[in-house]
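Here is the file entry.cif (mmCIF, C-alpha atoms).
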data_run
loop_
_atom_site.group_PDB
_atom_site.id
_atom_site.type_symbol
_atom_site.label_atom_id
_atom_site.label_comp_id
_atom_site.auth_asym_id
_atom_site.auth_seq_id
_atom_site.Cartn_x
_atom_site.Cartn_y
_atom_site.Cartn_z
ATOM 1 C CA MET A 1 1.642 6.610 26.635
ATOM 2 C CA ALA A 2 1.235 8.342 23.291
ATOM 3 C CA LYS A 3 1.687 6.154 20.241
ATOM 4 C CA ASN A 4 3.710 7.402 17.284
ATOM 5 C CA VAL A 5 2.155 6.670 13.912
ATOM 6 C CA LEU A 6 3.601 6.360 10.416
ATOM 7 C CA LEU A 7 1.222 7.114 7.527
ATOM 8 C CA VAL A 8 2.224 5.592 4.208
ATOM 9 C CA ASP A 9 0.306 6.854 1.176
ATOM 10 C CA ASP A 10 1.407 8.379 -2.127
ATOM 11 C CA SER A 11 -1.413 10.940 -1.865
ATOM 12 C CA SER A 12 -0.497 13.939 0.278
ATOM 13 C CA THR A 13 -4.216 14.743 0.432
ATOM 14 C CA MET A 14 -4.990 11.344 1.874
ATOM 15 C CA ARG A 15 -2.184 11.663 4.416
ATOM 16 C CA LYS A 16 -3.713 14.954 5.591
ATOM 17 C CA ILE A 17 -7.182 13.390 5.759
ATOM 18 C CA VAL A 18 -5.931 10.432 7.754
ATOM 19 C CA THR A 19 -3.998 12.744 10.081
ATOM 20 C CA ARG A 20 -7.189 14.685 10.706
ATOM 21 C CA SER A 21 -9.113 11.477 11.398
ATOM 22 C CA LEU A 22 -6.438 10.268 13.794
ATOM 23 C CA ARG A 23 -6.467 13.530 15.739
ATOM 24 C CA GLN A 24 -10.288 13.489 15.864
ATOM 25 C CA ALA A 25 -10.456 9.843 16.946
ATOM 26 C CA GLY A 26 -9.842 10.723 20.583
ATOM 27 C CA LEU A 27 -6.926 8.332 20.961
ATOM 28 C CA ASP A 28 -3.518 9.140 22.451
ATOM 29 C CA PHE A 29 -1.410 9.606 19.344
ATOM 30 C CA GLY A 30 1.966 11.298 19.570
ATOM 31 C CA GLU A 31 4.032 12.135 16.505
ATOM 32 C CA ILE A 32 2.494 11.357 13.129
ATOM 33 C CA TYR A 33 5.139 10.690 10.494
ATOM 34 C CA GLU A 34 4.506 10.459 6.768
ATOM 35 C CA ALA A 35 5.948 8.505 3.854
ATOM 36 C CA GLY A 36 4.994 8.551 0.184
ATOM 37 C CA ASP A 37 5.728 4.913 -0.595
ATOM 38 C CA GLY A 38 7.090 1.733 0.892
ATOM 39 C CA ILE A 39 10.715 2.717 0.366
ATOM 40 C CA GLU A 40 10.321 5.947 2.334
ATOM 41 C CA ALA A 41 8.332 4.070 4.969
ATOM 42 C CA LEU A 42 11.172 1.621 5.586
ATOM 43 C CA GLU A 43 13.603 4.531 5.949
ATOM 44 C CA VAL A 44 11.358 6.195 8.538
ATOM 45 C CA LEU A 45 10.863 2.932 10.429
ATOM 46 C CA GLU A 46 14.640 2.420 10.654
ATOM 47 C CA LYS A 47 15.201 5.948 11.901
ATOM 48 C CA GLU A 48 12.232 6.889 14.120
ATOM 49 C CA SER A 49 10.372 5.306 17.013
ATOM 50 C CA ILE A 50 7.115 4.154 15.402
ATOM 51 C CA ASP A 51 4.388 2.259 17.257
ATOM 52 C CA ILE A 52 1.754 1.814 14.516
ATOM 53 C CA VAL A 53 1.859 1.947 10.726
ATOM 54 C CA LEU A 54 -1.098 2.795 8.496
ATOM 55 C CA SER A 55 -0.268 1.923 4.912
ATOM 56 C CA ASP A 56 -2.005 2.260 1.576
ATOM 57 C CA ILE A 57 -1.748 -0.675 -0.798
ATOM 58 C CA ASN A 58 -1.502 0.847 -4.277
ATOM 59 C CA MET A 59 1.568 3.062 -4.351
ATOM 60 C CA PRO A 60 4.358 3.641 -6.874
ATOM 61 C CA ASN A 61 7.986 2.557 -6.286
ATOM 62 C CA MET A 62 7.094 0.060 -3.527
ATOM 63 C CA ASN A 63 3.457 -0.814 -2.880
ATOM 64 C CA GLY A 64 1.895 -1.823 0.400
ATOM 65 C CA ILE A 65 2.299 -5.552 -0.154
ATOM 66 C CA GLU A 66 5.956 -5.224 -1.127
ATOM 67 C CA PHE A 67 6.476 -2.981 1.904
ATOM 68 C CA LEU A 68 5.042 -5.641 4.222
ATOM 69 C CA ARG A 69 7.235 -8.287 2.663
ATOM 70 C CA GLU A 70 10.385 -6.208 3.042
ATOM 71 C CA LYS A 71 9.497 -5.069 6.570
ATOM 72 C CA SER A 72 8.936 -8.644 7.733
ATOM 73 C CA ALA A 73 12.528 -9.451 6.788
ATOM 74 C CA ARG A 74 14.056 -6.752 8.979
ATOM 75 C CA ASP A 75 14.554 -7.768 12.625
ATOM 76 C CA GLY A 76 14.379 -4.284 14.103
ATOM 77 C CA ILE A 77 11.034 -3.339 12.597
ATOM 78 C CA LYS A 78 9.229 -6.538 11.676
ATOM 79 C CA ASP A 79 7.009 -6.565 14.788
ATOM 80 C CA ILE A 80 5.594 -3.047 14.410
ATOM 81 C CA PRO A 81 1.860 -3.489 13.710
ATOM 82 C CA VAL A 82 0.618 -2.433 10.273
ATOM 83 C CA PHE A 83 -2.936 -1.618 9.277
ATOM 84 C CA MET A 84 -3.762 -1.340 5.596
ATOM 85 C CA ILE A 85 -5.735 1.754 4.603
ATOM 86 C CA SER A 86 -7.081 1.294 1.159
ATOM 87 C CA THR A 87 -9.975 1.615 -1.208
ATOM 88 C CA GLU A 88 -9.637 -2.109 -1.740
ATOM 89 C CA THR A 89 -10.734 -4.494 0.956
ATOM 90 C CA GLY A 90 -11.329 -7.591 -1.085
ATOM 91 C CA ASP A 91 -10.545 -10.850 0.645
ATOM 92 C CA ASP A 92 -7.647 -11.596 -1.694
ATOM 93 C CA ILE A 93 -5.618 -8.426 -1.203
ATOM 94 C CA ILE A 94 -6.317 -8.091 2.509
ATOM 95 C CA GLY A 95 -5.703 -11.814 2.955
ATOM 96 C CA GLU A 96 -2.324 -11.421 1.287
ATOM 97 C CA ALA A 97 -1.540 -8.431 3.498
ATOM 98 C CA LYS A 98 -2.460 -10.360 6.625
ATOM 99 C CA SER A 99 -0.368 -13.342 5.553
ATOM 100 C CA LEU A 100 2.554 -10.903 5.416
ATOM 101 C CA GLY A 101 1.887 -9.582 8.897
ATOM 102 C CA ALA A 102 -0.752 -6.847 8.571
ATOM 103 C CA VAL A 103 -3.003 -6.863 11.637
ATOM 104 C CA GLY A 104 -6.062 -5.216 10.107
ATOM 105 C CA ALA A 105 -7.531 -2.865 7.539
ATOM 106 C CA LEU A 106 -9.375 0.433 7.277
ATOM 107 C CA LYS A 107 -11.427 0.950 4.149
ATOM 108 C CA LYS A 108 -11.510 4.400 2.591
ATOM 109 C CA PRO A 109 -13.579 6.436 3.201
ATOM 110 C CA PHE A 110 -13.511 6.126 6.982
ATOM 111 C CA THR A 111 -14.489 8.300 9.901
ATOM 112 C CA PRO A 112 -12.707 9.128 13.168
ATOM 113 C CA ASP A 113 -15.145 6.732 14.884
ATOM 114 C CA LYS A 114 -13.943 3.923 12.641
ATOM 115 C CA VAL A 115 -10.327 4.808 13.414
ATOM 116 C CA SER A 116 -11.135 4.653 17.100
ATOM 117 C CA GLU A 117 -12.858 1.298 16.687
ATOM 118 C CA VAL A 118 -10.026 -0.310 14.735
ATOM 119 C CA LEU A 119 -6.989 1.216 16.446
ATOM 120 C CA GLY A 120 -8.424 1.606 19.942
ATOM 121 C CA PRO A 121 -7.500 -1.932 21.054
ATOM 122 C CA LEU A 122 -3.843 -1.196 20.308
ATOM 123 C CA MET A 123 -3.649 1.876 22.509
ATOM 124 C CA MET B 1 -9.057 30.293 -15.010
ATOM 125 C CA PRO B 2 -10.041 29.575 -11.407
ATOM 126 C CA GLY B 3 -13.547 30.436 -10.274
ATOM 127 C CA GLY B 4 -15.933 32.297 -12.526
ATOM 128 C CA ASP B 5 -18.763 30.825 -14.522
ATOM 129 C CA VAL B 6 -18.504 27.261 -15.620
ATOM 130 C CA THR B 7 -20.016 26.227 -18.892
ATOM 131 C CA TRP B 8 -20.773 22.601 -19.359
ATOM 132 C CA GLN B 9 -21.866 21.622 -22.831
ATOM 133 C CA ILE B 10 -23.722 18.416 -22.384
ATOM 134 C CA ALA B 11 -25.400 16.331 -25.015
ATOM 135 C CA LEU B 12 -28.143 14.482 -23.248
ATOM 136 C CA GLY B 13 -28.247 10.893 -24.312
ATOM 137 C CA GLY B 14 -31.098 8.495 -24.048
ATOM 138 C CA SER B 15 -32.008 6.445 -21.033
ATOM 139 C CA GLY B 16 -30.424 3.292 -22.366
ATOM 140 C CA VAL B 17 -27.989 2.581 -19.583
ATOM 141 C CA GLY B 18 -28.553 -1.107 -20.009
ATOM 142 C CA ASP B 19 -26.976 -3.411 -17.479
ATOM 143 C CA PHE B 20 -25.831 -0.484 -15.378
ATOM 144 C CA SER B 21 -29.275 -0.271 -13.824
ATOM 145 C CA GLU B 22 -28.192 -2.376 -10.854
ATOM 146 C CA LEU B 23 -24.804 -0.685 -10.543
ATOM 147 C CA ILE B 24 -26.029 2.890 -10.575
ATOM 148 C CA PRO B 25 -27.719 2.979 -7.143
ATOM 149 C CA ARG B 26 -24.625 1.480 -5.550
ATOM 150 C CA VAL B 27 -22.319 3.952 -7.298
ATOM 151 C CA VAL B 28 -24.568 6.774 -6.110
ATOM 152 C CA GLU B 29 -24.463 5.422 -2.577
ATOM 153 C CA ALA B 30 -20.673 5.123 -2.659
ATOM 154 C CA THR B 31 -20.278 8.639 -4.025
ATOM 155 C CA VAL B 32 -22.493 10.117 -1.335
ATOM 156 C CA GLU B 33 -20.626 8.150 1.329
ATOM 157 C CA ILE B 34 -17.246 9.437 0.145
ATOM 158 C CA PHE B 35 -18.404 13.026 0.093
ATOM 159 C CA THR B 36 -20.209 12.815 3.403
ATOM 160 C CA GLY B 37 -17.503 10.871 5.218
ATOM 161 C CA MET B 38 -14.295 12.262 3.742
ATOM 162 C CA VAL B 39 -15.023 15.543 1.991
ATOM 163 C CA MET B 40 -17.562 16.594 4.642
ATOM 164 C CA MET B 41 -19.808 17.878 1.883
ATOM 165 C CA GLU B 42 -23.477 17.115 1.293
ATOM 166 C CA ILE B 43 -24.292 16.025 -2.235
ATOM 167 C CA GLU B 44 -27.189 14.396 -4.016
ATOM 168 C CA GLN B 45 -27.887 12.823 -7.363
ATOM 169 C CA ASP B 46 -29.059 15.522 -9.726
ATOM 170 C CA GLY B 47 -31.203 13.940 -12.402
ATOM 171 C CA GLU B 48 -31.244 10.751 -14.389
ATOM 172 C CA PRO B 49 -28.085 9.074 -15.702
ATOM 173 C CA PHE B 50 -27.216 9.663 -19.323
ATOM 174 C CA GLN B 51 -24.608 8.674 -21.869
ATOM 175 C CA GLU B 52 -22.879 11.620 -23.508
ATOM 176 C CA LEU B 53 -21.033 14.344 -21.620
ATOM 177 C CA GLY B 54 -19.717 16.539 -24.415
ATOM 178 C CA THR B 55 -16.942 19.091 -24.060
ATOM 179 C CA LEU B 56 -15.795 20.016 -20.571
ATOM 180 C CA GLU B 57 -14.722 23.576 -19.878
ATOM 181 C CA ASN B 58 -12.754 24.994 -16.956
ATOM 182 C CA GLY B 59 -12.724 21.663 -15.229
ATOM 183 C CA ILE B 60 -10.657 18.830 -13.870
ATOM 184 C CA THR B 61 -11.182 15.087 -14.169
ATOM 185 C CA GLY B 62 -9.846 12.337 -11.960
ATOM 186 C CA MET B 63 -9.828 8.802 -13.302
ATOM 187 C CA VAL B 64 -8.787 5.226 -12.608
ATOM 188 C CA GLY B 65 -8.593 2.412 -15.100
ATOM 189 C CA LEU B 66 -10.179 -0.964 -14.561
ATOM 190 C CA ALA B 67 -8.568 -4.141 -15.875
ATOM 191 C CA GLY B 68 -8.949 -7.861 -15.437
ATOM 192 C CA THR B 69 -11.950 -9.940 -16.454
ATOM 193 C CA HIS B 70 -13.669 -6.731 -17.567
ATOM 194 C CA LYS B 71 -11.920 -3.565 -18.659
ATOM 195 C CA GLY B 72 -13.220 -0.088 -18.067
ATOM 196 C CA MET B 73 -12.684 3.304 -16.543
ATOM 197 C CA LEU B 74 -14.103 5.343 -13.696
ATOM 198 C CA ALA B 75 -13.894 9.114 -13.935
ATOM 199 C CA VAL B 76 -15.126 12.017 -11.875
ATOM 200 C CA HIS B 77 -15.529 15.345 -13.687
ATOM 201 C CA PHE B 78 -15.510 18.536 -11.622
ATOM 202 C CA PRO B 79 -15.750 22.218 -12.482
ATOM 203 C CA ASN B 80 -12.684 24.050 -11.161
ATOM 204 C CA GLU B 81 -14.582 25.922 -8.468
ATOM 205 C CA LEU B 82 -16.002 22.737 -6.977
ATOM 206 C CA ALA B 83 -12.657 20.940 -7.196
ATOM 207 C CA MET B 84 -11.052 23.763 -5.219
ATOM 208 C CA ALA B 85 -13.863 23.697 -2.650
ATOM 209 C CA ILE B 86 -13.353 19.957 -2.214
ATOM 210 C CA THR B 87 -9.627 20.429 -1.757
ATOM 211 C CA THR B 88 -10.210 23.210 0.772
ATOM 212 C CA SER B 89 -12.447 20.854 2.715
ATOM 213 C CA PHE B 90 -9.840 18.075 2.572
ATOM 214 C CA LEU B 91 -6.902 20.236 3.604
ATOM 215 C CA GLY B 92 -8.578 22.746 5.879
ATOM 216 C CA MET B 93 -7.054 25.645 3.968
ATOM 217 C CA GLU B 94 -8.008 27.759 0.972
ATOM 218 C CA VAL B 95 -6.599 26.885 -2.429
ATOM 219 C CA GLU B 96 -6.276 29.288 -5.323
ATOM 220 C CA GLY B 97 -6.242 27.619 -8.681
ATOM 221 C CA ILE B 98 -5.828 24.089 -9.915
ATOM 222 C CA ASN B 99 -2.543 23.199 -8.242
ATOM 223 C CA GLU B 100 -0.950 19.916 -7.193
ATOM 224 C CA ASP B 101 -3.117 19.716 -4.076
ATOM 225 C CA VAL B 102 -6.293 19.944 -6.173
ATOM 226 C CA GLN B 103 -5.014 17.365 -8.628
ATOM 227 C CA ASP B 104 -4.145 15.066 -5.758
ATOM 228 C CA ALA B 105 -7.537 15.533 -4.097
ATOM 229 C CA VAL B 106 -9.457 14.875 -7.301
ATOM 230 C CA GLY B 107 -7.321 11.849 -8.038
ATOM 231 C CA GLU B 108 -7.962 10.526 -4.552
ATOM 232 C CA ILE B 109 -11.728 10.868 -4.965
ATOM 233 C CA ALA B 110 -11.490 8.882 -8.192
ATOM 234 C CA ASN B 111 -9.313 6.358 -6.359
ATOM 235 C CA MET B 112 -11.816 5.912 -3.520
ATOM 236 C CA LEU B 113 -14.761 5.664 -5.862
ATOM 237 C CA GLY B 114 -12.851 3.244 -8.062
ATOM 238 C CA GLY B 115 -12.220 1.070 -5.032
ATOM 239 C CA ASN B 116 -15.904 1.031 -4.225
ATOM 240 C CA VAL B 117 -16.773 0.158 -7.828
ATOM 241 C CA LYS B 118 -14.219 -2.630 -7.716
ATOM 242 C CA THR B 119 -15.873 -4.026 -4.576
ATOM 243 C CA ILE B 120 -19.284 -3.833 -6.256
ATOM 244 C CA LEU B 121 -18.004 -5.667 -9.322
ATOM 245 C CA THR B 122 -16.145 -8.230 -7.222
ATOM 246 C CA ASP B 123 -19.447 -9.027 -5.505
ATOM 247 C CA ARG B 124 -20.770 -9.757 -9.004
ATOM 248 C CA GLY B 125 -17.968 -12.225 -9.642
ATOM 249 C CA TYR B 126 -15.718 -9.926 -11.675
ATOM 250 C CA ASP B 127 -11.937 -9.976 -11.080
ATOM 251 C CA ILE B 128 -10.860 -6.340 -11.377
ATOM 252 C CA GLN B 129 -7.609 -4.499 -10.782
ATOM 253 C CA LEU B 130 -7.379 -0.723 -10.464
ATOM 254 C CA SER B 131 -4.772 1.554 -11.959
ATOM 255 C CA LEU B 132 -3.220 4.376 -9.979
ATOM 256 C CA PRO B 133 -5.340 7.511 -10.329
ATOM 257 C CA SER B 134 -4.547 10.252 -12.797
ATOM 258 C CA THR B 135 -5.998 13.658 -13.551
ATOM 259 C CA ILE B 136 -6.539 15.929 -16.522
ATOM 260 C CA SER B 137 -7.630 19.545 -16.441
ATOM 261 C CA GLY B 138 -7.988 22.490 -18.730
ATOM 262 C CA GLU B 139 -10.036 25.247 -20.209
ATOM 263 C CA GLU B 140 -11.580 22.871 -22.727
ATOM 264 C CA TYR B 141 -11.262 19.120 -23.192
ATOM 265 C CA THR B 142 -13.346 16.216 -24.320
ATOM 266 C CA PHE B 143 -13.639 12.721 -22.964
ATOM 267 C CA LEU B 144 -14.148 10.308 -25.828
ATOM 268 C CA PRO B 145 -15.705 7.032 -24.717
ATOM 269 C CA ASP B 146 -14.340 3.701 -25.848
ATOM 270 C CA ASN B 147 -16.860 2.438 -28.389
ATOM 271 C CA GLU B 148 -16.355 -1.119 -27.205
ATOM 272 C CA LEU B 149 -17.471 -0.279 -23.681
ATOM 273 C CA ASP B 150 -20.839 0.562 -22.213
ATOM 274 C CA GLN B 151 -20.988 3.973 -20.593
ATOM 275 C CA VAL B 152 -23.090 5.759 -18.012
ATOM 276 C CA ILE B 153 -22.779 9.240 -16.544
ATOM 277 C CA ILE B 154 -24.403 10.130 -13.234
ATOM 278 C CA PRO B 155 -24.918 13.804 -12.344
ATOM 279 C CA PHE B 156 -24.543 15.073 -8.784
ATOM 280 C CA ARG B 157 -25.216 18.424 -7.185
ATOM 281 C CA ALA B 158 -22.864 19.849 -4.557
ATOM 282 C CA PRO B 159 -23.016 23.242 -2.844
ATOM 283 C CA SER B 160 -20.411 24.676 -5.241
ATOM 284 C CA GLY B 161 -21.631 23.136 -8.457
ATOM 285 C CA THR B 162 -22.557 20.063 -10.420
ATOM 286 C CA PHE B 163 -20.201 17.179 -11.073
ATOM 287 C CA PHE B 164 -20.402 13.887 -12.906
ATOM 288 C CA VAL B 165 -19.348 10.331 -12.205
ATOM 289 C CA GLU B 166 -18.662 8.428 -15.405
ATOM 290 C CA LEU B 167 -18.332 4.677 -15.579
ATOM 291 C CA GLU B 168 -17.282 2.806 -18.699
ATOM 292 C CA LEU B 169 -17.367 -0.950 -18.460
ATOM 293 C CA GLU B 170 -17.054 -3.951 -20.676
ATOM 294 C CA GLN B 171 -20.259 -5.879 -20.177
#
Rewrite the structure from the file as structure tokens, please.
Amino acid sequence: MAKNVLLVDDSSTMRKIVTRSLRQAGLDFGEIYEAGDGIEALEVLEKESIDIVLSDINMPNMNGIEFLREKSARDGIKDIPVFMISTETGDDIIGEAKSLGAVGALKKPFTPDKVSEVLGPLM
Amino acid sequence: MPGGDVTWQIALGGSGVGDFSELIPRVVEATVEIFTGMVMMEIEQDGEPFQELGTLENGITGMVGLAGTHKGMLAVHFPNELAMAITTSFLGMEVEGINEDVQDAVGEIANMLGGNVKTILTDRGYDIQLSLPSTISGEEYTFLPDNELDQVIIPFRAPSGTFFVELELEQ
């Protein structure tokens, strides 16, 4: 069954790049929704049927860490898996993300093969 | 003006890039990886690193600030034509002029490269935070280096022109 994805990144360019990588990854993705920051992401999660979230870390208004924290406090959406997509994959920031419920990370730049490798087990 | 000839007035500095000698190959590798993997564009280093860039004309610069145990800045300077070609490759559609999409694309390249530089510096024991990316563009502008920071500029050649990665870092 196709998985719906929410992309959270303040860069519209990056959202388009990630969308392209997802479509080229050869996995069964359905709708791909977009949000420009954590606040928009929470609104989409409350409204749409989302199976996987890919979220940047450094964003204005509500960053990726704050988004995870807020999401984990909402019963209806707290269990939706989140992968961090970021230029930063240091142990500290990814460790903090994982302590808040993130299930993994994709480091920019990444290829469709990497997307397939990381997200494949969830499909 | 979009397209057309690009004039880059460059004052070639000396070869004194000091402690950057270990960083430079890794920055080159990261830059090539970003362009190959994300922009889908083949690039290569185009000459030796230097220290003064001079006035930039008909170009756009993306930059991120570095803060923490060592302050600095990472910038990528593109001629307009190359910036538009990069954006076209990112988006899969033609762009005409330096618009929001181009600014976003250039900022994202600076963001990705900044992240790689942060990882490199973290491996060295530095504790670095990155700013959000920003861009500047125009018919003529000058990047003035911070005199308290060491600076290196690495030239690259892409199919649509030459661009420069500039790193300023407190040593």
Query raised in the report: Smallest atom-to-atom distance to chain B: which of A:Thr19, A:Ser99, A:Ser49, A:Ser11, using only C-alpha atoms?
Result: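 Distance minimum relative to chain B lands on A:Ser11.
Among B:Pro155, B:Gly37, B:Pro25, B:Gly47, the residue with the shortest atom-to-atom distance to chain A, counting only C-alpha atoms, is B:Gly37.
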Query raised in the report: From the set A:Met123, A:Val115, A:Arg15, A:Ile93, which residue has the shortest atom-to-atom contact distance to Asp127 of chain B, counting only C-alpha atoms?
Result: A:Ile93
Query - Residues of chain A within 8 Å of chain B, counting only C-alpha atoms, as a ChimeraX atom specification - result: /A:11-14,16-17,58-59,87-90,108-111
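Interatomic distance, atom CA of Leu121 of chain B to atom CA of His70 of chain B: 9.4 Å.
If all atoms listed in the file are the atoms counted, then among A:Asp28, A:Asp9, A:Glu117, A:Asp37 the closest residue to Asp56 of chain A is A:Asp9.
Residue membership of the PyMOL selection byres ((chain B and resi 62) around 7) in the shown file amounts to Ile60, Thr61, Met63, Ala75, Val76, His77, Val106, Gly107, Ala110, Pro133, Ser134, Thr135 and Ile136 of chain B.
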Query raised in the report: What does the PyMOL selection byres ((chain A and resi 102-105) around 8) select in this file, as a PyMOL selection string?
Result: chain A and resi 68+81-86+89+94+97-101+106-107+118
Just-selected residues, C-alpha atoms written as a compact mmCIF listing (two decimals), in the frame of the given file:
# COMPACT_ATOMS: atom_id res chain seq x y z
CA LEU A 68 5.04 -5.64 4.22
CA PRO A 81 1.86 -3.49 13.71
CA VAL A 82 0.62 -2.43 10.27
CA PHE A 83 -2.94 -1.62 9.28
CA MET A 84 -3.76 -1.34 5.60
CA ILE A 85 -5.74 1.75 4.60
CA SER A 86 -7.08 1.29 1.16
CA THR A 89 -10.73 -4.49 0.96
CA ILE A 94 -6.32 -8.09 2.51
CA ALA A 97 -1.54 -8.43 3.50
CA LYS A 98 -2.46 -10.36 6.62
CA SER A 99 -0.37 -13.34 5.55
CA LEU A 100 2.55 -10.90 5.42
CA GLY A 101 1.89 -9.58 8.90
CA LEU A 106 -9.38 0.43 7.28
CA LYS A 107 -11.43 0.95 4.15
CA VAL A 118 -10.03 -0.31 14.74
Query raised in the report: Expressed in Å to a single decimal, how great is the separation between atom CA of Thr162 of chain B and atom CA of Asn147 of chain B?
Result: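 Rounded to one decimal, the two atoms are 25.8 Å apart.
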Requested in this report: Give as a PyMOL selection string the residues that the PyMOL selection byres ((chain A and resi 122) around 10) matches when applied to the coordinates above.
Outcome: chain A and resi 3+51-52+81+116+118-121+123
